[in-house]
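Inspection log for the structure reproduced underneath, given as structure tokens.
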Amino acid sequence: MIKTAVIGHPINHSKSPIIHRYWIERYKMQGKYEAFDITPANLNARVTALVDAGYTGFNITLPHKEAMFYLCAEVDDVAHAVGAVNTVMIKEGLLYGTNTDVFGFTENIKSNAPEFDFKAGKAVVLGAGGAARAVIKGLIDEGVPSIVLLNRTKERAQRLLETATNASLITVMDWEHRDTVLKAANILVNTTSLGMDGKDQLDIDLSQLPEHTLVNDIVYTPLHTALLSKAEARGNPIVTGIGMLLHQARPAFQQWFGIMPDVDVPLETMVLA
Ligand code: ATR
């Protein structure tokens, strides 16, 4: 029996159990995937208990993604670049941390816009939180020539540069310039929470965006955010955010169960339901 889980606080919003349980059944694995609500004060003790109970690995969601770094015996380059661990493999009592959000972002684009060429021009990234770090790492690894980064709090974007690989490719600009920087963009990615159900809308004028520019929103509630609808209406290719969530789960499942699972329509439908 391969025992896996997701840990976080709160945990009831997490879609990870739906995804991994779907794959466990589909690939007929002898395993289980649980969800544990663990407070920051209990993190250390509860993680030790998972190791002692013979768990193979687990996912980490808010607010433990940064704290997990310090509980791991080893953390790979991707997790270092993102500054957060979202997946752990346990081997001989030791924790090995990685971050699968970079893969999730890149694979979402590759599978839903296969003709898109990362190298063909500059990327514009809105936001400078944890998700932005993963998106930027993905863009740089895929060879984008340059990135313009805009965040409401400019200092946060500047801090992101301090730890980014190839920071020389990134230019930080004022949030107020988000309409004009769209000129000559090859891809626009929203990594802010703007446009999410219950949050403010992203106020952006797309009139300077070239028509071929790919627009991707990592928000997936709603699936078609106002940004994506606006982009689609003017003829831009779009990629929704749900794929990043689904694809980031694949390498975790592969580490634990030894099979690289597929993302299919029934899975996407279940997660969106
Ligand atoms: P995550 O780790 O998921 O990216 P986060 O760290 O809370 O989440 O980051 C949320 C992002 O949305 C940030 O870039 C945030 O901008 P600030 O760094 O200035 O807070 C952005 N964001 C949230 N509300 C916003 C708003 N009303 N206007 C502009 N940006 C906003």
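Chain labels follow the order of the structure tokens: the first chain is A, the next B, and so on; residue numbering restarts at 1 in every chain, and ligands are counted from 1 in their shown order.
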Problem - Long-range neighbours of His177 (chain A) as a count of residues only, 10 Å cut-off, only C-alpha atoms, 4 positions minimum in chain - result: 5
Handout entry: Residues within 10 Å of ligand 1, counting only C-alpha atoms and all ligand atoms, as a VMD selection string
Key = chain A and resid 62 to 63 65 84 125 to 135 150 to 157 175 190 to 196 199 to 203 218 to 219
Write out the residues from the selection above, keeping C-alpha atoms, as a CSV table (one decimal), in the first residue's frame.
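File written: selection-v2.csv
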```
chain,number,residue,atom,x,y,z
A,62,LEU,CA,-0.6,26.9,2.0
A,63,PRO,CA,0.8,27.9,4.4
A,65,LYS,CA,5.3,25.5,1.2
A,84,ALA,CA,8.9,26.7,-2.1
A,125,VAL,CA,4.0,38.6,-16.3
A,126,LEU,CA,1.5,40.2,-13.9
A,127,GLY,CA,2.1,39.5,-10.2
A,128,ALA,CA,5.1,38.6,-8.0
A,129,GLY,CA,3.8,36.0,-5.5
A,130,GLY,CA,4.6,32.3,-5.3
A,131,ALA,CA,2.8,31.5,-8.5
A,132,ALA,CA,4.8,34.2,-10.4
A,133,ARG,CA,8.1,32.6,-9.3
A,134,ALA,CA,7.0,29.3,-10.8
A,135,VAL,CA,5.8,30.9,-14.0
A,150,LEU,CA,4.7,44.1,-13.1
A,151,ASN,CA,3.3,43.9,-9.6
A,152,ARG,CA,1.2,46.3,-7.6
A,153,THR,CA,3.9,46.3,-5.0
A,154,LYS,CA,7.0,47.0,-7.1
A,155,GLU,CA,9.5,46.1,-4.3
A,156,ARG,CA,8.1,42.6,-4.2
A,157,ALA,CA,8.8,42.2,-7.9
A,175,TRP,CA,2.0,48.4,-12.3
A,190,ASN,CA,-1.8,36.8,-15.1
A,191,THR,CA,-0.4,35.3,-11.9
A,192,THR,CA,-2.3,37.7,-9.5
A,193,SER,CA,-5.5,36.7,-7.8
A,194,LEU,CA,-7.4,39.4,-9.7
A,195,GLY,CA,-10.3,38.1,-11.6
A,196,MET,CA,-10.9,35.2,-9.2
A,199,LYS,CA,-11.8,39.2,-5.8
A,200,ASP,CA,-11.5,42.4,-7.8
A,201,GLN,CA,-11.3,42.3,-11.5
A,202,LEU,CA,-8.0,42.8,-13.3
A,203,ASP,CA,-8.2,46.2,-14.8
A,218,ILE,CA,-3.6,31.0,-13.7
A,219,VAL,CA,-6.9,31.8,-12.1
```
Practice task
Write out as a PyMOL selection string all residues of region 20-256 of chain A that DSSP puts in strand (DSSP E) for this structure's backbone.
Solution key: chain A and resi 31-37+57-60+74-75+87-91+94-98+122-126+147-151+170-174+185-190+214-217+238-239
Exercise for the section: Please provide the set of residues having any atom within 10 Å of Leu245 (chain A), restricted to only C-alpha atoms, with same-chain residues fewer than 4 positions apart removed, written as a VMD selection string. Expected result: chain A and resid 15 to 16 19 100 to 101 104 to 105 108 218 to 220 241 249 to 250 268 271
Since we have the selection now, will you write its residues out, keeping N, CA, C and O atoms, as a PDB file, in the first residue's frame?
```pdb
ATOM      1  N   LYS A  15      -7.873  20.587  -4.236  1.00  0.00           N
ATOM      2  CA  LYS A  15      -8.362  19.703  -5.309  1.00  0.00           C
ATOM      3  C   LYS A  15      -7.458  18.485  -5.466  1.00  0.00           C
ATOM      4  O   LYS A  15      -7.770  17.571  -6.239  1.00  0.00           O
ATOM      5  N   SER A  16      -6.328  18.483  -4.768  1.00  0.00           N
ATOM      6  CA  SER A  16      -5.364  17.392  -4.965  1.00  0.00           C
ATOM      7  C   SER A  16      -5.939  16.010  -4.673  1.00  0.00           C
ATOM      8  O   SER A  16      -5.651  15.062  -5.422  1.00  0.00           O
ATOM      9  N   ILE A  19      -7.748  14.679  -7.739  1.00  0.00           N
ATOM     10  CA  ILE A  19      -6.843  14.346  -8.844  1.00  0.00           C
ATOM     11  C   ILE A  19      -6.117  13.024  -8.579  1.00  0.00           C
ATOM     12  O   ILE A  19      -6.144  12.098  -9.401  1.00  0.00           O
ATOM     13  N   THR A 100       6.569  21.230  -8.323  1.00  0.00           N
ATOM     14  CA  THR A 100       6.053  20.787  -9.617  1.00  0.00           C
ATOM     15  C   THR A 100       5.232  21.870 -10.331  1.00  0.00           C
ATOM     16  O   THR A 100       4.706  21.621 -11.414  1.00  0.00           O
ATOM     17  N   ASP A 101       5.133  23.055  -9.738  1.00  0.00           N
ATOM     18  CA  ASP A 101       4.343  24.127 -10.372  1.00  0.00           C
ATOM     19  C   ASP A 101       4.967  24.617 -11.681  1.00  0.00           C
ATOM     20  O   ASP A 101       4.263  25.071 -12.586  1.00  0.00           O
ATOM     21  N   GLY A 104       3.924  22.257 -14.190  1.00  0.00           N
ATOM     22  CA  GLY A 104       2.483  22.480 -14.391  1.00  0.00           C
ATOM     23  C   GLY A 104       2.210  23.639 -15.327  1.00  0.00           C
ATOM     24  O   GLY A 104       1.407  23.525 -16.253  1.00  0.00           O
ATOM     25  N   PHE A 105       2.898  24.745 -15.114  1.00  0.00           N
ATOM     26  CA  PHE A 105       2.718  25.917 -15.979  1.00  0.00           C
ATOM     27  C   PHE A 105       3.124  25.593 -17.414  1.00  0.00           C
ATOM     28  O   PHE A 105       2.364  25.812 -18.358  1.00  0.00           O
ATOM     29  N   ASN A 108       0.945  22.967 -19.241  1.00  0.00           N
ATOM     30  CA  ASN A 108      -0.381  23.508 -19.562  1.00  0.00           C
ATOM     31  C   ASN A 108      -0.315  24.265 -20.892  1.00  0.00           C
ATOM     32  O   ASN A 108      -1.169  24.084 -21.762  1.00  0.00           O
ATOM     33  N   ILE A 218      -3.670  32.148 -14.607  1.00  0.00           N
ATOM     34  CA  ILE A 218      -3.554  30.979 -13.732  1.00  0.00           C
ATOM     35  C   ILE A 218      -4.761  30.852 -12.800  1.00  0.00           C
ATOM     36  O   ILE A 218      -4.940  29.850 -12.148  1.00  0.00           O
ATOM     37  N   VAL A 219      -5.609  31.889 -12.791  1.00  0.00           N
ATOM     38  CA  VAL A 219      -6.888  31.799 -12.085  1.00  0.00           C
ATOM     39  C   VAL A 219      -7.780  30.818 -12.856  1.00  0.00           C
ATOM     40  O   VAL A 219      -7.850  30.878 -14.080  1.00  0.00           O
ATOM     41  N   TYR A 220      -8.456  29.893 -12.147  1.00  0.00           N
ATOM     42  CA  TYR A 220      -9.359  28.962 -12.854  1.00  0.00           C
ATOM     43  C   TYR A 220     -10.763  28.935 -12.244  1.00  0.00           C
ATOM     44  O   TYR A 220     -11.594  28.103 -12.615  1.00  0.00           O
ATOM     45  N   GLY A 241      -6.477  28.365 -16.744  1.00  0.00           N
ATOM     46  CA  GLY A 241      -5.593  28.038 -15.630  1.00  0.00           C
ATOM     47  C   GLY A 241      -5.725  26.631 -15.076  1.00  0.00           C
ATOM     48  O   GLY A 241      -4.840  26.166 -14.342  1.00  0.00           O
ATOM     49  N   ALA A 249       0.269  18.113 -10.807  1.00  0.00           N
ATOM     50  CA  ALA A 249       0.089  16.901  -9.995  1.00  0.00           C
ATOM     51  C   ALA A 249       0.789  15.679 -10.611  1.00  0.00           C
ATOM     52  O   ALA A 249       1.088  14.707  -9.908  1.00  0.00           O
ATOM     53  N   ARG A 250       1.050  15.725 -11.920  1.00  0.00           N
ATOM     54  CA  ARG A 250       1.576  14.534 -12.617  1.00  0.00           C
ATOM     55  C   ARG A 250       2.942  14.072 -12.102  1.00  0.00           C
ATOM     56  O   ARG A 250       3.119  12.889 -11.797  1.00  0.00           O
ATOM     57  N   GLU A 268     -10.617  16.590 -15.736  1.00  0.00           N
ATOM     58  CA  GLU A 268     -10.820  18.037 -15.738  1.00  0.00           C
ATOM     59  C   GLU A 268     -12.254  18.376 -15.317  1.00  0.00           C
ATOM     60  O   GLU A 268     -12.481  19.289 -14.517  1.00  0.00           O
ATOM     61  N   VAL A 271     -12.686  17.969 -11.534  1.00  0.00           N
ATOM     62  CA  VAL A 271     -12.012  19.014 -10.755  1.00  0.00           C
ATOM     63  C   VAL A 271     -12.767  20.333 -10.850  1.00  0.00           C
ATOM     64  O   VAL A 271     -12.820  21.103  -9.894  1.00  0.00           O
TER      65      VAL A 271
END
```
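Considering only C-alpha atoms, the residue among A:Lys32, A:His20, A:His212, A:Lys110 positioned nearest to Arg234 (chain A) is A:His212.
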Exercise for the section: Write down as a VMD selection string the residues of region 62-203 of chain A whose backbone DSSP state falls under helix (DSSP H, G or I). Expected result: chain A and resid 67 to 71 77 to 82 101 to 112 118 to 120 130 to 141 154 to 163 167 to 169 175 to 177 180 to 182
Completion exercise
From CA of Thr4 (chain A) to CA of Asn59 (chain A) the spacing works out at 8.1 Å
Handout entry: Spatial neighbours of Ile2 (chain A), max dist 9 Å, only C-alpha atoms, sep filter under 3 positions, as JSON, numbers by chain
Key = {"A": [29, 30, 31, 32, 33, 54, 55, 56, 57, 256, 257]}
Counting only C-alpha atoms, what is within 12 Å of Glu232 (chain A), bar same-chain residues fewer than 5 positions away, as a PDB file with C-alpha atoms, in the first residue's frame?
```pdb
ATOM      1  CA  LEU A 206      -5.659  44.950 -24.218  1.00  0.00           C
ATOM      2  CA  LEU A 209      -1.719  43.565 -27.424  1.00  0.00           C
ATOM      3  CA  GLU A 211      -3.498  39.600 -32.035  1.00  0.00           C
ATOM      4  CA  HIS A 212      -1.229  36.553 -32.078  1.00  0.00           C
ATOM      5  CA  THR A 213      -0.200  36.970 -28.411  1.00  0.00           C
ATOM      6  CA  LEU A 214      -1.031  34.010 -26.196  1.00  0.00           C
ATOM      7  CA  VAL A 215      -2.931  34.960 -23.039  1.00  0.00           C
ATOM      8  CA  ASN A 216      -2.827  32.660 -19.998  1.00  0.00           C
ATOM      9  CA  HIS A 224     -12.977  31.824 -18.364  1.00  0.00           C
ATOM     10  CA  THR A 225     -11.860  34.881 -16.465  1.00  0.00           C
ATOM     11  CA  ALA A 226     -12.748  38.329 -17.754  1.00  0.00           C
ATOM     12  CA  LEU A 227      -9.158  38.646 -19.000  1.00  0.00           C
ATOM     13  CA  PRO A 237      -5.250  32.458 -28.463  1.00  0.00           C
ATOM     14  CA  ILE A 238      -5.916  31.670 -24.785  1.00  0.00           C
ATOM     15  CA  VAL A 239      -5.010  28.962 -22.273  1.00  0.00           C
ATOM     16  CA  THR A 240      -7.058  28.633 -19.087  1.00  0.00           C
TER      17      THR A 240
END
```
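The residue that comes closest to Leu246 (chain A), out of A:Gly198, A:Pro145, A:Pro17, A:Gly97 and on the basis of only C-alpha atoms, is A:Pro17.
Taking CA of Asp37 (chain A) as the reference point, CA of Gln248 (chain A) is found at 20.9 Å.
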Handout entry: Spatial neighbours of Thr163 (chain A), 10 Å, only C-alpha atoms, chain gap at least 2 places, as a ChimeraX atom specification
Key = /A:80-83,133,158-161,165-167
Problem - Asp205 (chain A) environment, 9 Å, only C-alpha atoms, sequence neighbours closer than 5 positions dropped, as a list of chain:residue names - result: A:Arg178, A:Asp179, A:Thr180
Requested write-out: C-alpha atoms of the selected residues, as a PDB file, in the first residue's frame:
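part-v3.pdb was written with the following content:
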```pdb
ATOM      1  CA  ARG A 178       0.507  47.297 -17.654  1.00  0.00           C
ATOM      2  CA  ASP A 179      -1.444  48.482 -20.727  1.00  0.00           C
ATOM      3  CA  THR A 180       1.490  49.889 -22.695  1.00  0.00           C
TER       4      THR A 180
END
```
